[in-house]
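Contents: one structure, followed by commentary.
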Amino acid sequence: MNTPDMNAPDMKTADMSTQDGPTPRRTAARRDTTRHAAASARVLRLPGGLALRYSGRAAAVMTVLLLACAAVWALTMFTGTYRIGTGQILDVLMGGGSGTDRFIVVGQRLPRVCAALLVGAALGLSGALFQSLSRNPLGSPDVIGFTTGSTSGALVVILVGGGTAGVGVGAGSVLGGLVTAAAVYGFTASRGVSGNRLVLAGIAVGAMLASVNDYLITRADLESAESAKAWTFGSLNAVSWPQVTPLALALPVLAAAALAVGRPLRLMEMGDDTAGALGVNVTRVRAAGLLLGVALAGTAIAVAGPIGFLALAAPQLARRLTRSPGAPIGPAMVTGALLLATADLLAQRLLSPFQIPVGLVTGALGGVYLLWLLSRERGEARPR
């Protein structure tokens with residue numbers, strides 16, 4: 001999944017490239033990058049005549065990231081405020097153990113770490129799709145308003161409909177994201193959907209929906225308002241298997257669909273006219289990408305609430321780690337999973353035995369990431 005280069009010269013040049021096609025310099029750079037990637041790419045043959053192209057570096061990065069995810073999983077499972085011996089935990093995982101141990105390990109620690117990995121993977125993939133669609137590194141669902149729209153849908157179910165965490169909140173979250181996506185697309189479609197217009201329209205719609213969310217909370221009774229406000233911080237403190245299971249079932253299907261639209265999206269990054277000349281149905285692919293991105297963000301929000309910066313940072317970190325011209329789907333997913341699992345582990349341990357919402361941790365880490373990115377951009381802009 002390709003995203004535009006973070007080192008774009010300026011907004012004017014980026015806007016020209018999205019409306020009138022890529023500039024000659026960018027076209028040449030993309031051609032060189034594509035040629036290098038094609039030369040080093042490997043092909044994995046799948047059943048049914050399908051083929052998956054990947055690079056050796058991306059495979060190595062994914063292996064390291066998966067090992068890091070396994071390490072965080074083990075650390076989360078085998079440590080905690082309630083001390084359980086390693087042998088007792090292994091006994092519980094094998095189906096034995098006391099009732100208390102089973103409740104702590106299988107009822108609390110295991111669903112929480114699984115939720116962190118799944119939600120992080122979903123947000124990483126959603127961010128990669130939106131950044132590719134908008135051709136803008138800021139085009140993540142939390143920046144362009146889709147996360148806020150999903151939050152609005154969930155809050156309506158929680159506060160107005162009296163629903164609780166579960167299928168109802170998940171449906172409301174996805175529906176709210178879809179309505180927001182339709183509104184943003186409607187505002188931009190009349191003059192042509194470009195990356196800059198999509199981001200600006202999304203920011204505007206998101207700001208209006210944030211006011212709607214605050215209004216909904218102020219109109220609720222005190223207990224419901226406190227619960228909803230805590231939920232909007234993004235937390236995995238009370239997650240359970242009924243919340244994790246729908247995401248575990250939906251994520252493989254959505255990831256497979258994202259792989260199917262990956263190649264057309266890469267072609268669309270060269271411009272709609274070029275992609276159309278190569279046989280891509282631009283309108284259909286863009287709609288499919290939007291639906292997939294909203295579905296991923298909505299199902300993730302239904303489990304953990306709105307978690308900021310993860311969908312923004314994970315695809316870009318994956319792109320830099322793999323040295324890819326864009327954010328490949330696999331590394332973006334695994335990077336998101338590792339970031340959220342690590343952030344949730346910090347949320348559990350920093351103020352132990354008190355636990356803080358993981359959204360506060362990702363917000364702080366996201367601020368550090370943006371400051372690092374700004375310093376890096378400033379250093380690269382200095383004349384040598």
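Following the order of the structure tokens, chains are lettered A, B, ..., residues in each are numbered from 1, and ligands are numbered from 1.
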### Task
Give the helix (DSSP H, G or I) residues of range 153-329 of chain A, as DSSP finds them on the backbone, and put them as a ChimeraX atom specification.
/A:153-160,167-189,195-219,222-232,241-268,272-277,282-304,310-322,329
### Task
Please provide as number ranges by chain all residues within 9 Å of Ser98 in chain A, with the sequence filter that same-chain residues fewer than 5 positions apart are discarded (counting only C-alpha atoms).
A: 88, 92, 103
Which residues of range 277-319 of chain A come within 6 Å of range 224-237 of chain A, and what is each one's closest atom pair and distance in Å (one decimal), counting only C-alpha atoms, sorted by chain and residue number, as a tab-separated table?
residue	atom	partner	partner_atom	distance
A:Ala304	CA	A:Ser235	CA	5.3
A:Gly305	CA	A:Gly234	CA	4.3
A:Pro306	CA	A:Gly234	CA	5.0
A:Ile307	CA	A:Gly234	CA	5.1
Would you mind exporting the chosen residues as an mmCIF file, in the first residue's frame, restricted to N, CA and C atoms?
data_model
loop_
_atom_site.group_PDB
_atom_site.id
_atom_site.type_symbol
_atom_site.label_atom_id
_atom_site.label_comp_id
_atom_site.auth_asym_id
_atom_site.auth_seq_id
_atom_site.Cartn_x
_atom_site.Cartn_y
_atom_site.Cartn_z
ATOM 1 N N ALA A 304 -12.381 -0.447 21.585
ATOM 2 C CA ALA A 304 -11.503 0.293 22.490
ATOM 3 C C ALA A 304 -11.853 1.761 22.627
ATOM 4 N N GLY A 305 -12.833 2.264 21.874
ATOM 5 C CA GLY A 305 -13.062 3.689 21.864
ATOM 6 C C GLY A 305 -12.088 4.376 20.918
ATOM 7 N N PRO A 306 -12.207 5.684 20.731
ATOM 8 C CA PRO A 306 -11.313 6.400 19.806
ATOM 9 C C PRO A 306 -9.893 6.493 20.356
ATOM 10 N N ILE A 307 -8.932 5.993 19.600
ATOM 11 C CA ILE A 307 -7.525 6.010 19.991
ATOM 12 C C ILE A 307 -6.773 6.842 18.956
#
### Task
Write out as a VMD selection string which residues come within 9 Å of range 125-129 of chain A when counting only C-alpha atoms, dropping same-chain ones fewer than 6 positions away.
chain A and resid 1 to 3 139 to 142 255 258 262 265 289 to 290 292 to 297 310 to 316 326 to 330 332 to 334 336
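Around Ala115 in chain A, within 10 Å and counting only C-alpha atoms, the residues found are A:Arg109, A:Leu110, A:Pro111, A:Arg112, A:Leu118, A:Val119, A:Gly120, A:Ala121, A:Leu236, A:Val239, A:Ser240, A:Trp241, A:Gln243, A:Val244, A:Thr245, A:Leu247, A:Ala248, A:Ala300, A:Val303, A:Ala304, A:Ala337, A:Leu340, A:Ala341, once anything fewer than 3 positions away on its own chain is removed.
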Name the residues in contact with Ile89 in chain A at a cut-off of 8 Å, using only C-alpha atoms, excluding same-chain residues fewer than 5 positions from it; report them as a PDB file with N, CA, C and O atoms, in the first residue's frame.
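This is the output file around20.pdb:
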ATOM      1  N   PHE A  78       2.367 -12.686  31.564  1.00  0.00           N
ATOM      2  CA  PHE A  78       3.082 -13.297  32.686  1.00  0.00           C
ATOM      3  C   PHE A  78       3.446 -12.310  33.792  1.00  0.00           C
ATOM      4  O   PHE A  78       4.093 -12.690  34.763  1.00  0.00           O
ATOM      5  N   ILE A  84       1.047 -14.248  39.578  1.00  0.00           N
ATOM      6  CA  ILE A  84       0.782 -15.664  39.316  1.00  0.00           C
ATOM      7  C   ILE A  84       2.066 -16.264  38.761  1.00  0.00           C
ATOM      8  O   ILE A  84       2.705 -15.679  37.880  1.00  0.00           O
ATOM      9  N   GLY A  97      -5.808 -25.084  36.254  1.00  0.00           N
ATOM     10  CA  GLY A  97      -5.696 -23.931  37.131  1.00  0.00           C
ATOM     11  C   GLY A  97      -6.917 -23.697  37.987  1.00  0.00           C
ATOM     12  O   GLY A  97      -8.001 -24.248  37.741  1.00  0.00           O
ATOM     13  N   ASP A 101      -7.250 -17.995  39.130  1.00  0.00           N
ATOM     14  CA  ASP A 101      -6.215 -17.877  38.104  1.00  0.00           C
ATOM     15  C   ASP A 101      -6.816 -17.837  36.710  1.00  0.00           C
ATOM     16  O   ASP A 101      -6.367 -17.072  35.845  1.00  0.00           O
ATOM     17  N   VAL A 105      -6.216 -14.758  34.121  1.00  0.00           N
ATOM     18  CA  VAL A 105      -5.452 -15.011  32.897  1.00  0.00           C
ATOM     19  C   VAL A 105      -6.358 -15.031  31.671  1.00  0.00           C
ATOM     20  O   VAL A 105      -6.108 -14.324  30.677  1.00  0.00           O
TER      21      VAL A 105
END
